[in-house]
Structures are given as C-alpha cells and as structure tokens.
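**Student:** Structure: run-v6.txt, compact mmCIF, C-alpha atoms.
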```txt
# COMPACT_ATOMS: atom_id res chain seq x y z
CA MET A 1 7.09 23.82 -2.00
CA PRO A 2 9.51 20.85 -1.65
CA LYS A 3 9.66 18.34 -4.48
CA SER A 4 7.33 15.39 -3.86
CA PHE A 5 9.14 12.09 -3.32
CA PHE A 6 6.15 9.93 -4.18
CA HIS A 7 3.25 9.55 -6.56
CA HIS A 8 -0.02 9.45 -4.64
CA ALA A 9 -3.25 7.67 -5.51
CA LEU A 10 -5.25 9.28 -2.70
CA LYS A 11 -6.83 12.62 -3.58
CA VAL A 12 -9.21 15.04 -1.83
CA ASN A 13 -12.33 16.31 -3.58
CA GLU A 14 -12.55 19.77 -2.03
CA ASP A 15 -16.08 20.27 -3.33
CA ILE A 16 -17.24 17.48 -1.04
CA CYS A 17 -14.85 17.83 1.93
CA THR A 18 -16.57 19.34 4.99
CA GLY A 19 -13.45 19.62 7.15
CA CYS A 20 -14.76 17.14 9.71
CA MET A 21 -11.22 16.14 10.83
CA HIS A 22 -11.89 12.39 10.79
CA CYS A 23 -9.05 11.88 8.29
CA LEU A 24 -6.71 14.21 10.18
CA LYS A 25 -7.10 12.18 13.37
CA LYS A 26 -6.64 8.76 11.70
CA CYS A 27 -3.54 9.47 9.59
CA PRO A 28 -0.59 7.45 11.00
CA THR A 29 2.02 9.89 9.68
CA GLU A 30 0.20 13.15 10.50
CA ALA A 31 0.17 13.98 6.79
CA ILE A 32 -3.13 15.90 6.82
CA ARG A 33 -3.84 19.51 7.75
CA MET A 34 -6.96 21.64 7.58
CA ARG A 35 -6.62 24.74 5.43
CA SER A 36 -9.58 26.96 4.48
CA GLY A 37 -11.89 24.30 5.87
CA LYS A 38 -10.58 21.53 3.59
CA ALA A 39 -8.26 18.58 4.16
CA LYS A 40 -4.82 18.99 2.61
CA ILE A 41 -2.52 15.98 2.23
CA SER A 42 1.23 16.52 2.58
CA ALA A 43 2.81 14.74 -0.40
CA ASN A 44 6.04 13.89 1.42
CA CYS A 45 4.38 12.43 4.52
CA CYS A 46 1.47 10.49 2.99
CA ILE A 47 2.09 6.74 2.62
CA ASP A 48 -1.20 5.98 0.77
CA CYS A 49 -2.27 3.56 3.50
CA GLY A 50 -5.93 4.53 3.03
CA GLU A 51 -6.76 5.25 6.67
CA CYS A 52 -8.15 8.63 5.61
CA PHE A 53 -10.21 7.01 2.85
CA ASP A 54 -11.81 4.66 5.37
CA ALA A 55 -12.36 7.42 7.93
CA CYS A 56 -14.03 9.98 5.64
CA PRO A 57 -17.82 9.95 6.21
CA ASP A 58 -18.50 12.02 3.07
CA SER A 59 -16.43 10.07 0.50
CA ALA A 60 -14.43 13.23 -0.13
CA ILE A 61 -11.24 11.20 -0.45
CA TYR A 62 -10.98 9.12 -3.58
CA ILE A 63 -8.43 6.91 -5.34
CA GLU A 64 -7.16 7.52 -8.86
CA HIS A 65 -6.54 4.55 -11.13
CA ASP A 66 -6.03 3.79 -14.81
CA ASP A 67 -8.96 3.56 -17.18
CA LEU A 68 -9.89 -0.02 -18.10
CA ASN A 69 -10.06 0.97 -21.78
CA THR A 70 -6.28 1.54 -21.81
CA ILE A 71 -5.82 -2.23 -21.90
CA PHE A 72 -6.94 -2.20 -25.54
CA ASN A 73 -3.77 -0.33 -26.50
CA TYR A 74 -2.02 -3.71 -26.31
CA ASP A 75 -2.40 -7.01 -28.16
CA TYR A 76 -1.45 -9.05 -25.10
CA ARG A 77 -3.48 -7.85 -22.12
CA ILE A 78 -2.53 -9.66 -18.93
CA ALA A 79 -4.58 -9.20 -15.74
CA LEU A 80 -2.28 -9.60 -12.74
CA VAL A 81 -4.77 -10.67 -10.10
CA PRO A 82 -4.28 -11.08 -6.33
CA ALA A 83 -6.01 -14.08 -4.76
CA VAL A 84 -8.16 -11.75 -2.63
CA LEU A 85 -10.11 -10.74 -5.74
CA ILE A 86 -11.15 -14.33 -6.48
CA ASN A 87 -12.03 -15.05 -2.86
CA GLN A 88 -14.36 -12.09 -2.40
CA PHE A 89 -16.98 -13.89 -4.46
CA LYS A 90 -19.38 -16.17 -2.64
CA ASP A 91 -18.95 -19.94 -2.82
CA ASP A 92 -21.77 -20.33 -5.35
CA ILE A 93 -19.73 -18.42 -7.96
CA PRO A 94 -17.01 -20.81 -9.17
CA THR A 95 -13.49 -19.64 -9.88
CA PRO A 96 -13.57 -20.68 -13.59
CA LEU A 97 -16.58 -18.41 -14.12
CA ILE A 98 -14.80 -15.48 -12.47
CA TYR A 99 -11.81 -16.05 -14.76
CA GLN A 100 -14.02 -16.24 -17.84
CA VAL A 101 -15.86 -12.99 -17.07
CA ILE A 102 -12.61 -11.14 -16.35
CA LYS A 103 -11.42 -12.22 -19.79
CA GLU A 104 -14.68 -10.99 -21.31
CA LEU A 105 -13.84 -7.53 -19.96
CA GLY A 106 -11.01 -7.53 -22.49
CA PHE A 107 -8.04 -9.35 -20.95
CA THR A 108 -6.29 -12.06 -22.94
CA HIS A 109 -4.61 -13.74 -19.96
CA ILE A 110 -5.18 -13.97 -16.20
CA PHE A 111 -2.36 -14.62 -13.76
CA GLU A 112 -2.68 -14.87 -9.99
CA ILE A 113 0.40 -13.11 -8.68
CA GLU A 114 0.74 -15.41 -5.65
CA GLN A 115 2.07 -18.02 -8.09
CA MET A 116 5.36 -16.17 -7.66
CA ALA A 117 5.39 -16.76 -3.89
CA ASP A 118 7.09 -20.17 -4.01
CA PHE A 119 9.93 -18.70 -6.07
CA LEU A 120 10.14 -15.67 -3.76
CA ILE A 121 10.16 -17.72 -0.53
CA GLU A 122 13.36 -19.48 -1.55
CA GLU A 123 15.00 -16.21 -2.55
CA ILE A 124 14.06 -14.51 0.73
CA ARG A 125 15.51 -17.42 2.67
CA LYS A 126 18.79 -17.05 0.73
CA TYR A 127 18.69 -13.30 1.34
CA ALA A 128 18.20 -13.90 5.08
CA VAL A 129 21.28 -16.14 5.24
CA GLU A 130 23.37 -13.58 3.34
CA HIS A 131 22.14 -10.77 5.61
CA ALA A 132 22.17 -12.64 8.92
CA HIS A 133 23.84 -9.63 10.56
CA ILE A 134 20.67 -7.56 10.09
CA LYS A 135 17.92 -8.18 12.64
CA PRO A 136 15.07 -8.07 12.15
CA LEU A 137 14.74 -8.23 8.40
CA ILE A 138 11.51 -6.50 7.38
CA SER A 139 9.32 -7.67 4.52
CA SER A 140 8.99 -5.25 1.61
CA PHE A 141 5.71 -6.83 0.41
CA CYS A 142 3.45 -4.01 1.64
CA PRO A 143 4.34 -0.69 -0.05
CA ALA A 144 2.52 1.35 2.60
CA ILE A 145 4.84 -0.13 5.23
CA VAL A 146 7.93 0.54 3.11
CA ARG A 147 6.90 4.20 2.90
CA LEU A 148 5.93 4.29 6.58
CA ILE A 149 9.48 3.21 7.41
CA GLN A 150 10.93 5.77 5.02
CA VAL A 151 9.06 8.72 6.51
CA LYS A 152 8.58 7.76 10.17
CA PHE A 153 11.28 5.19 10.99
CA PRO A 154 14.10 6.10 8.59
CA SER A 155 16.75 4.28 10.62
CA LEU A 156 15.01 0.99 9.76
CA THR A 157 15.31 1.33 5.98
CA GLU A 158 18.47 -0.79 6.28
CA ASN A 159 16.31 -3.67 7.55
CA LEU A 160 14.05 -3.88 4.50
CA VAL A 161 14.38 -6.96 2.29
CA LEU A 162 15.57 -5.58 -1.04
CA LEU A 163 13.69 -8.01 -3.29
CA LYS A 164 10.76 -7.36 -5.60
CA PRO A 165 7.29 -8.40 -4.35
CA PRO A 166 5.11 -10.96 -6.22
CA VAL A 167 3.35 -8.43 -8.47
CA ASP A 168 6.66 -7.15 -9.86
CA LEU A 169 7.98 -10.67 -10.28
CA ALA A 170 4.78 -11.64 -12.10
CA ALA A 171 5.21 -8.69 -14.48
CA MET A 172 8.85 -9.62 -15.06
CA TYR A 173 7.90 -13.25 -15.70
CA TRP A 174 5.26 -12.34 -18.30
CA ARG A 175 7.45 -9.86 -20.13
CA GLN A 176 10.25 -12.40 -20.44
CA THR A 177 7.89 -15.24 -21.36
CA LEU A 178 6.19 -13.29 -24.14
CA LYS A 179 9.46 -11.83 -25.44
CA LYS A 180 10.81 -15.39 -25.62
CA GLN A 181 7.79 -16.23 -27.80
CA GLY A 182 8.72 -13.38 -30.14
CA VAL A 183 6.21 -10.80 -28.92
CA SER A 184 7.50 -7.24 -29.17
CA GLU A 185 7.62 -5.12 -26.03
CA ASP A 186 5.10 -2.55 -27.26
CA LYS A 187 2.38 -5.19 -27.61
CA ILE A 188 2.53 -6.30 -23.97
CA GLY A 189 0.21 -4.70 -21.42
CA LEU A 190 0.43 -5.84 -17.80
CA PHE A 191 -2.36 -4.54 -15.57
CA TYR A 192 -2.49 -5.07 -11.83
CA ILE A 193 -5.90 -5.32 -10.15
CA THR A 194 -5.07 -3.63 -6.87
CA PRO A 195 -6.69 -4.06 -3.45
CA CYS A 196 -5.21 -0.83 -2.10
CA ALA A 197 -4.02 2.68 -2.91
CA ALA A 198 -0.47 2.02 -1.72
CA LYS A 199 0.18 -0.45 -4.51
CA ILE A 200 -1.00 2.10 -7.09
CA ALA A 201 1.43 4.63 -5.65
CA ALA A 202 4.25 2.08 -5.48
CA LEU A 203 3.84 0.94 -9.08
CA LYS A 204 3.71 4.53 -10.36
CA THR A 205 6.83 5.55 -8.40
CA PRO A 206 8.49 2.32 -7.24
CA VAL A 207 10.88 2.47 -4.31
CA GLY A 208 14.34 1.14 -5.08
CA GLU A 209 14.02 1.06 -8.87
CA GLU A 210 13.56 3.50 -11.73
CA GLU A 211 10.25 2.20 -13.05
CA SER A 212 7.87 -0.72 -12.68
CA GLN A 213 7.32 -3.31 -15.37
CA VAL A 214 3.58 -3.09 -14.68
CA THR A 215 1.82 -1.08 -17.39
CA GLY A 216 -1.21 0.10 -15.43
CA VAL A 217 -3.20 -0.32 -12.24
CA ILE A 218 -6.97 -0.78 -11.95
CA ASN A 219 -8.98 -0.58 -8.73
CA MET A 220 -10.23 -3.92 -7.48
CA ASP A 221 -13.65 -2.65 -6.41
CA PHE A 222 -14.26 -1.52 -10.01
CA ILE A 223 -13.35 -4.93 -11.46
CA TYR A 224 -15.20 -6.87 -8.77
CA ASN A 225 -18.43 -4.97 -9.33
CA ARG A 226 -18.18 -5.25 -13.12
CA VAL A 227 -17.66 -9.01 -12.90
CA LEU A 228 -20.40 -9.60 -10.32
CA ARG A 229 -22.92 -7.49 -12.25
CA LYS A 230 -22.20 -9.34 -15.48
CA ILE A 231 -22.64 -12.72 -13.79
CA LYS A 232 -25.93 -11.70 -12.18
CA GLU A 233 -27.38 -10.01 -15.26
CA GLU A 234 -26.68 -13.01 -17.45
CA HIS A 235 -27.69 -15.56 -14.77
CA ARG A 236 -24.53 -17.53 -15.36
CA VAL A 237 -23.49 -20.34 -13.07
CA ASP A 238 -20.66 -22.08 -14.90
CA ALA A 239 -17.83 -21.73 -17.39
CA GLU A 240 -16.17 -24.12 -19.80
CA ASN A 241 -12.59 -24.73 -20.93
CA VAL A 242 -11.05 -22.07 -18.68
CA GLU A 243 -7.40 -22.53 -17.79
CA LEU A 244 -6.82 -21.66 -14.12
CA SER A 245 -3.65 -20.51 -12.44
CA LYS A 246 -1.45 -23.22 -10.94
CA ILE A 247 -0.96 -22.14 -7.38
CA SER A 248 0.36 -24.06 -4.38
CA SER A 249 -1.47 -24.13 -1.06
CA ARG A 250 1.21 -22.10 0.73
CA ALA A 251 1.43 -19.58 -2.11
CA SER A 252 -2.35 -19.09 -2.13
CA LEU A 253 -2.14 -17.79 1.46
CA TRP A 254 0.82 -15.47 0.89
CA SER A 255 -1.25 -12.27 1.10
CA THR A 256 -3.03 -13.28 4.33
CA THR A 257 -1.73 -12.42 7.80
CA GLU A 258 1.01 -14.98 8.63
CA GLY A 259 1.08 -16.15 5.01
CA GLU A 260 4.64 -14.91 4.75
CA LYS A 261 5.73 -15.50 8.33
CA LYS A 262 5.00 -19.24 8.24
CA ASN A 263 7.55 -19.70 5.48
CA MET A 264 10.42 -17.80 7.03
CA LEU A 265 13.32 -19.26 9.01
CA GLY A 266 14.07 -18.35 12.60
CA ARG A 267 11.79 -16.30 14.84
CA ALA A 268 9.30 -14.45 12.66
CA LEU A 269 6.39 -12.23 13.69
CA ALA A 270 3.36 -11.10 11.67
CA ILE A 271 1.60 -7.82 12.49
CA ASP A 272 -1.25 -6.15 10.62
CA GLY A 273 -2.86 -2.73 11.00
CA VAL A 274 -0.78 0.37 10.36
CA HIS A 275 -1.26 1.84 13.84
CA ASN A 276 -0.25 -1.47 15.46
CA ILE A 277 2.82 -1.53 13.25
CA SER A 278 3.80 2.06 14.11
CA GLU A 279 3.69 1.18 17.80
CA PHE A 280 5.67 -2.02 17.23
CA LEU A 281 8.34 -0.35 15.08
CA GLU A 282 9.06 2.08 17.90
CA LYS A 283 10.15 -0.94 19.93
CA VAL A 284 12.27 -2.20 17.05
CA GLU A 285 13.87 1.21 16.62
CA ASN A 286 14.69 1.27 20.34
CA ASP A 287 16.37 -2.18 20.12
CA GLU A 288 13.79 -3.73 22.42
CA LEU A 289 13.45 -6.85 20.22
CA PRO A 290 16.98 -8.08 19.46
CA ASP A 291 16.05 -11.75 18.96
CA VAL A 292 13.47 -11.35 16.16
CA ASP A 293 14.71 -12.51 12.76
CA TYR A 294 11.90 -11.50 10.41
CA LEU A 295 8.89 -9.19 10.42
CA GLU A 296 5.87 -9.58 8.15
CA LEU A 297 4.14 -6.19 8.32
CA ARG A 298 0.89 -5.41 6.51
CA ALA A 299 -0.81 -2.00 6.76
CA CYS A 300 -4.37 -3.33 6.50
CA ASP A 301 -6.25 -5.32 9.10
CA GLU A 302 -6.26 -8.96 7.86
CA SER A 303 -3.57 -7.92 5.36
CA CYS A 304 -4.65 -7.66 1.71
CA ALA A 305 -8.12 -9.02 2.54
CA GLY A 306 -8.64 -5.77 4.44
CA GLY A 307 -7.55 -3.56 1.54
CA ILE A 308 -9.65 -0.43 1.10
CA LEU A 309 -10.57 -1.41 -2.47
CA LEU A 310 -12.14 -4.71 -1.50
CA THR A 311 -15.92 -4.92 -1.56
CA GLY A 312 -16.26 -8.20 0.30
CA ASN A 313 -15.97 -8.67 4.06
CA ARG A 314 -12.33 -9.22 4.99
CA PHE A 315 -12.98 -12.01 7.46
CA LEU A 316 -15.13 -13.98 5.02
CA THR A 317 -12.54 -13.42 2.31
CA VAL A 318 -9.81 -14.87 4.53
CA GLU A 319 -12.04 -17.81 5.41
CA ARG A 320 -12.54 -18.57 1.71
CA MET A 321 -8.81 -18.25 1.07
CA LYS A 322 -8.08 -20.81 3.77
CA LYS A 323 -10.74 -23.18 2.42
CA ARG A 324 -9.29 -22.83 -1.05
CA ALA A 325 -5.78 -23.54 0.26
CA GLU A 326 -7.06 -26.68 1.97
CA THR A 327 -8.75 -27.84 -1.24
CA ILE A 328 -5.51 -27.27 -3.16
CA ARG A 329 -3.53 -29.13 -0.49
CA GLU A 330 -5.72 -32.24 -0.79
CA SER A 331 -4.72 -32.81 -4.41
CA GLU A 332 -1.34 -31.12 -4.39
CA THR A 333 1.66 -32.76 -6.04
CA PRO A 334 4.98 -31.36 -7.28
CA ASP A 335 3.78 -32.04 -10.83
CA ASN A 336 0.85 -29.61 -10.71
CA HIS A 337 2.81 -26.68 -9.25
CA PHE A 338 3.52 -23.59 -11.31
CA GLU A 339 6.97 -23.83 -12.88
CA ILE A 340 9.23 -21.20 -14.40
CA ASP A 341 11.55 -22.02 -17.31
CA ASN A 342 15.13 -22.27 -16.09
CA ASP A 343 16.45 -19.44 -18.27
CA ILE A 344 13.62 -17.10 -17.20
CA ALA A 345 14.11 -18.09 -13.55
CA ASP A 346 17.82 -17.28 -13.85
CA TYR A 347 16.97 -13.91 -15.40
CA MET A 348 14.54 -13.18 -12.57
CA ARG A 349 17.04 -14.11 -9.86
CA THR A 350 19.58 -11.78 -11.46
CA ASN A 351 17.11 -8.89 -11.70
CA MET A 352 14.80 -9.29 -8.70
CA GLY A 353 16.85 -7.13 -6.36
CA VAL A 354 16.05 -3.46 -5.80
CA GLN A 355 18.31 -0.59 -4.89
CA LYS A 356 18.82 0.64 -1.34
CA VAL A 357 15.67 2.24 0.03
CA LEU A 358 16.35 5.84 1.03
CA PRO A 359 14.98 7.50 4.16
CA ARG A 360 12.44 10.26 3.49
CA SER A 361 12.05 11.44 7.06
CA MET A 362 9.05 13.71 7.65
CA MET A 363 11.07 15.20 10.52
CA CYS A 364 13.73 16.58 8.18
CA LEU A 365 13.42 20.24 9.22
CA ASP A 366 16.25 21.53 7.03
CA GLU A 367 19.07 20.12 4.93
CA ASN A 368 21.46 22.40 6.80
CA ARG A 369 22.25 20.60 10.06
CA GLY A 370 22.82 23.82 12.01
CA ILE A 371 19.47 25.29 10.94
CA ALA A 372 17.72 21.98 11.65
CA MET A 373 19.12 21.98 15.21
CA LYS A 374 17.83 25.51 15.75
CA LYS A 375 14.38 24.47 14.53
CA MET A 376 14.40 21.50 16.90
CA ALA A 377 15.19 23.84 19.76
CA LEU A 378 12.34 26.09 18.62
CA ILE A 379 9.93 23.13 18.62
CA ARG A 380 10.91 22.24 22.20
CA ASP A 381 10.32 25.84 23.23
CA LEU A 382 6.97 25.98 21.44
CA MET A 383 5.82 22.80 23.17
CA SER A 384 6.31 24.49 26.53
CA HIS A 385 3.72 27.10 25.48
CA LEU A 386 1.21 24.85 23.72
CA PRO A 387 -1.48 23.15 25.87
CA GLY A 388 -0.79 19.56 24.78
CA VAL A 389 -4.49 18.65 24.43
CA ASP A 390 -4.25 17.73 20.71
CA CYS A 391 -7.70 19.12 19.96
CA GLY A 392 -7.03 19.67 16.24
CA THR A 393 -8.69 23.09 16.20
CA CYS A 394 -5.46 24.62 14.89
CA GLY A 395 -5.75 22.48 11.75
CA ALA A 396 -2.95 20.12 12.79
CA PRO A 397 -3.54 16.71 14.41
CA THR A 398 -1.42 17.34 17.52
CA CYS A 399 0.30 20.16 19.36
CA GLN A 400 3.63 18.59 18.38
CA ALA A 401 2.58 18.70 14.72
CA LEU A 402 1.62 22.37 15.08
CA ALA A 403 5.01 23.15 16.64
CA GLU A 404 6.74 21.44 13.72
CA ASP A 405 4.59 23.38 11.23
CA ILE A 406 5.53 26.64 12.94
CA ALA A 407 9.24 25.72 12.81
CA LYS A 408 8.85 25.04 9.07
CA VAL A 409 7.02 28.39 8.67
CA GLU A 410 3.82 26.61 7.60
CA ALA A 411 1.72 27.85 10.55
CA THR A 412 1.82 30.39 13.37
CA LEU A 413 1.47 30.15 17.13
CA THR A 414 -1.76 32.12 16.91
CA ASN A 415 -3.40 29.09 15.27
CA CYS A 416 -3.82 27.61 18.75
CA ILE A 417 -7.31 28.41 20.13
CA PHE A 418 -6.07 28.33 23.73
CA LEU A 419 -3.32 30.85 23.05
CA GLN A 420 -5.79 32.96 21.08
CA THR A 421 -8.04 33.16 24.14
CA SER A 422 -5.11 34.14 26.33
CA MET A 423 -3.88 36.74 23.85
CA GLU A 424 -7.32 38.24 23.40
CA GLY A 425 -7.66 38.48 27.19
CA ARG A 426 -4.35 40.34 27.39
CA GLY A 427 -5.34 42.63 24.53
CA SER A 428 -2.55 41.43 22.23
CA MET A 429 -5.04 39.96 19.74
CA THR A 430 -8.35 41.46 18.62
CA ALA A 431 -11.55 39.54 18.06
CA GLN A 432 -11.34 40.34 14.34
CA GLU A 433 -7.77 38.98 14.12
CA ARG A 434 -8.99 35.83 15.80
CA VAL A 435 -11.79 35.46 13.26
CA GLU A 436 -9.37 35.95 10.37
CA THR A 437 -7.05 33.28 11.80
CA PHE A 438 -9.92 30.81 11.98
CA ARG A 439 -10.96 31.59 8.43
CA LYS A 440 -7.50 30.60 7.18
CA ILE A 441 -7.88 27.23 8.89
CA TRP A 442 -11.61 26.55 8.60
CA GLY A 443 -12.88 28.82 5.85
CA ASN A 444 -16.13 30.73 6.11
CA LYS A 445 -18.03 28.25 8.27
```
So, in terms of structure tokens, how does the structure I just supplied come out?
**Tutor:**
Amino acid sequence: MPKSFFHHALKVNEDICTGCMHCLKKCPTEAIRMRSGKAKISANCCIDCGECFDACPDSAIYIEHDDLNTIFNYDYRIALVPAVLINQFKDDIPTPLIYQVIKELGFTHIFEIEQMADFLIEEIRKYAVEHAHIKPLISSFCPAIVRLIQVKFPSLTENLVLLKPPVDLAAMYWRQTLKKQGVSEDKIGLFYITPCAAKIAALKTPVGEEESQVTGVINMDFIYNRVLRKIKEEHRVDAENVELSKISSRASLWSTTEGEKKNMLGRALAIDGVHNISEFLEKVENDELPDVDYLELRACDESCAGGILLTGNRFLTVERMKKRAETIRESETPDNHFEIDNDIADYMRTNMGVQKVLPRSMMCLDENRGIAMKKMALIRDLMSHLPGVDCGTCGAPTCQALAEDIAKVEATLTNCIFLQTSMEGRGSMTAQERVETFRKIWGNK
C-alpha cells in the first residue's frame, strides 16, 4: 500500500454503503472503486471535493471534523468564520445576533476571514507582476482545486499562486496579534468553521507548508444548526453591544464566483464546478488559452456558497451576500476598513508564501521509468480488449480505469463482465469462477 500523500476528511461507513455506484460515477478523479460491495476511496487520488458525499443516496459517506468541546482547551478561542455562514441565515435574523450566539457556544472572538482579502488582493497583484512569465496564474484559494491539479493536471502545479489563502492569513494575524499582547502560544485556539471537506483536509495536511496555524476545523452545518436552534428555542430577535467584523464590500464577496476575478489585473476568468474545471484545465494543459492571465477556480457550484457543509440554499446565500456587500458599500469609507498593524502586516508579507506545490499524479504507474513505460504499453493493449462501455460492473468507473488497475496489479481482466461472458462461452472460465469474481467486487448480493 503506497504512503498516503493527503489527510482526508471524507470517509465511508461500510455498514451503510449499499454499493449503488453513485459516488463511483461522480468522482472527478476516479478515486473510488467497489470492493466486496462497498465503496473504497483511493487516498492518493481523492481530492475531498465532496462530489461523492452529494451523490450518495444513503448518507454512507460522512465528513470527520474536530469536536466543538476541544475549543475549551484554550483561553483564547477564536472562531474563523467565512461570510457564507453568516449569509445562510434568513434576513429576519440579524448579523449581531448570529455573532452573539456563536460566542455563547464558547468562542471568545469571531473573525470573518474575508477581512484578509483586501490585504491578499494587493499581494496577488504583486505576485502576478513578478511572475508575468507564467500564464495563466491559477488561484490557490480552493484546496480541492489545488489537489485536483496535483493529481490530474500535474504539469500545471507551476501555475499555482504560492500564497496563503484568507483562512491561513487570518490565523497568522490572530497568532501575531495575541502574541504581541503577551498571550502565550499554548493559550491560543484558532478554529475554522468550514463549508467543505477539502478545507478540513487542507488544514490537516497543508500543501506547500509543514503545518497550518489553524488549531482545529469544525463543520459549518453543525455550527449553523446549533446557532439556529438556540435562536429559535429562546425566541431571540436582537443582540446588544456586539462588535462586528470590519469588512469591505469587495472583500465580503471574495468567496463568491467572480469575487476574486474582479480584483485581478489582465484577462481573468472565473469557473466553478469541479467537472467544469476539469474540462477547462484540459484546454489549459494543451495550451489552447495562451492569452488568459488569471484563473479563479472553485470546486463547488456557486463557489463556497455551494459547499457541501452548507445547510442554506446556495443561490439565496449568494443573493444575501450581494445585498450585504451593497449595504456595506453605501456607508463605506477608508476609515471603517479593517486595518493590520504595520509590524504584523510586514511579518505576514514575509511569511505568507508557501513552498512549491508538488505533483502527485494519479497516473504515476511506477517510480522506475522503464517499468512505467511497460505498464503504459500494457494499458494500451488492455484497452483493445475491453469493450469501452464504462458500465462500472467491474468495480471501476471506466474501462480505462480498469486497465490502469490491472497494470498496477489491483484488478484482473476477468473483472470485466463482457470478457467473462466470452470466456465462459469458450470454456476458459466456469460459472463458479464467475460468481467468485463478482463476490470480490460486489460481495454476497
């Protein structure tokens, strides 16, 4: 078993899984196989995009996160909150009340991570000037897309913007701010309320750095439901003396589709939906788009508003985000923007870069080039025998995936139902052997 490159938040509950193949067919990196009638996720191909989570009709795929009670291990408990959490709540629930109830869950501070966007925009623009020879530059905001590029489009890892995203900058800002106030490191707990599984995975095993400054990650649907239930049970409609985040209108839209693109120089494109992005990146990889300067790529439909851990409707969430941005814009002045102390800002600029992102190609058949070439030749030969119908009965999503599994000695040609029929007709495979083959893939169904 090869060493796993990534931590994964997505897990399969085999007691519930019925082997329906919905997840297998939706996975953009063909990371899922059926074995003994259960879905198995390949650790080195999965990008934690959540397509399988959405596709599963039985809720057999779940997402691991940190226990809320772990926040009480720290004296300073900061909730790093994306704007999509606030904007899931209906208009009759005011933002100050949401803040107050989140604090009542045990947090001492609340910080909307998009406050870091204004700082980040300027740094990305500088980065773009310094790396003008690379086209297109690709945003590293969405961790599912960073991993998609690593495993499926490894030649494009050079195009990724090697700067920390807002959540990491927010964590860095708070650590430095509290340390400046004399707070010791062991008393600071920074907890991200995540809208997706990919951000859990990224913060547990960050790409391009040794470890994240975020202490823990809590699922957004859990927090949203706790807050909403508390508001309804107590019939609360208002809050008093709550300090809100200072966020600019452009920063408040950072996590929406085009929220990043609109602030970039040159020709920039914004694409959401992981399957749309896979198709588009094939064009980029083939040099079909030489005049694009910047790509904002988000794995979820409607970007973070479409995250799999959101409870609210993504379109209504985006609508509220745009209304909120307009309200902010009406009273916006340079004086009420979020500001970072000069010394902390200098520290962040010095430390906001990440190391080169390494390819983790799922098509790496062998570290020995000669053996890998032989396996590629074997795959081509196998494809001339396989039917090409991509039925999934073999336990792999496509005939190509089955051929690759065979080359990696993870499956056999007899897994194919069409070849089984042919072999049984020729007498080279018995009915009992055929049954045993199916049991390995589908269990005793």
**Student:** Would you mind listing, for every residue of range 94-126 of chain A within 6 Å of range 69-78 of chain A, the two atoms forming the shortest contact and the distance between them in Å to one decimal, using only C-alpha atoms, sorted by chain and ascending residue number, as JSON lines?
**Tutor:**
```
{"residue": "A:Phe107", "atom": "CA", "partner": "A:Arg77", "partner_atom": "CA", "distance": 4.9}
{"residue": "A:Thr108", "atom": "CA", "partner": "A:Arg77", "partner_atom": "CA", "distance": 5.1}
{"residue": "A:His109", "atom": "CA", "partner": "A:Ile78", "partner_atom": "CA", "distance": 4.7}
{"residue": "A:Ile110", "atom": "CA", "partner": "A:Ile78", "partner_atom": "CA", "distance": 5.7}
```
**Student:** Taking only C-alpha atoms into account, name the residue in A:Leu169, A:Thr157, A:Lys232, A:Ile134 that is nearest to Asn351 in chain A.
**Tutor:** A:Leu169
**Student:** Compile the contact shell of Glu51 in chain A as a list in words: residues with an atom at most 9 Å away, counting all atoms listed in the file, same-chain residues fewer than 6 positions apart removed.
**Tutor:** Cys23, Lys26, Cys27, Pro28, Val274, Cys300 and Ile308 of chain A
**Student:** Using only C-alpha atoms, pick whichever of A:Val357, A:Leu24, A:Leu178, A:Ala144 has the shortest atom-to-atom distance to Val161 in chain A.
**Tutor:** A:Val357
**Student:** Check the smallest atom-to-atom distance from each of A:Asp272, A:Glu282, A:Asp301, A:Glu209 to Met352 in chain A using only C-alpha atoms, then report the winner.
**Tutor:**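 Smallest distance to Met352 in chain A is found for A:Glu209.
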**Student:** Between CA of Ala403 in chain A and CA of Met34 in chain A, what distance in Å does the model show, to one decimal?
**Tutor:**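 Pair CA of Ala403 in chain A / CA of Met34 in chain A returns 15.1 Å.
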**Student:** Show me the residues close to (-8.9, 25.4, 19.1) - anything with an atom within 6 Å, counting only C-alpha atoms - and format the list as JSON, numbers by chain.
**Tutor:** {"A": [393, 394, 416, 417]}
**Student:** Restricting the calculation to only C-alpha atoms, which member of A:Leu97, A:Met220, A:Ile138, A:Ile47 is positioned closest to Gly307 in chain A?
**Tutor:**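 Distance minimum relative to Gly307 in chain A lands on A:Met220.
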**Student:** Go ahead and compute the interatomic distance for CA of Glu258 in chain A and CA of His8 in chain A, in Å to one decimal.
**Tutor:**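 A separation of 27.8 Å between them.
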**Student:** What gap, in Å, lies between CA of Leu419 in chain A and CA of Cys52 in chain A?
**Tutor:**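 Taking CA of Leu419 in chain A and CA of Cys52 in chain A, their separation equals 28.7 Å.
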**Student:** Near Phe280 in chain A, counting only C-alpha atoms, which residues have an atom at most 12 Å away, once you skip same-chain residues fewer than 4 positions from it, shown as a ChimeraX atom specification?
**Tutor:** /A:149,153,269-276,284-289,295-297
**Student:** For Lys135 in chain A, which residue out of A:Val292, A:Val183, A:Met21, A:Ala401 is the nearest one, using all atoms listed in the file?
**Tutor:**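 Residue with the minimum atom-to-atom distance to Lys135 in chain A: A:Val292.
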**Student:** Considering only C-alpha atoms, can you say which of A:Lys199, A:Lys230, A:Lys38, A:His65 comes closest to Ile218 in chain A?
**Tutor:**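 For Ile218 in chain A, the nearest of the candidates is A:His65.
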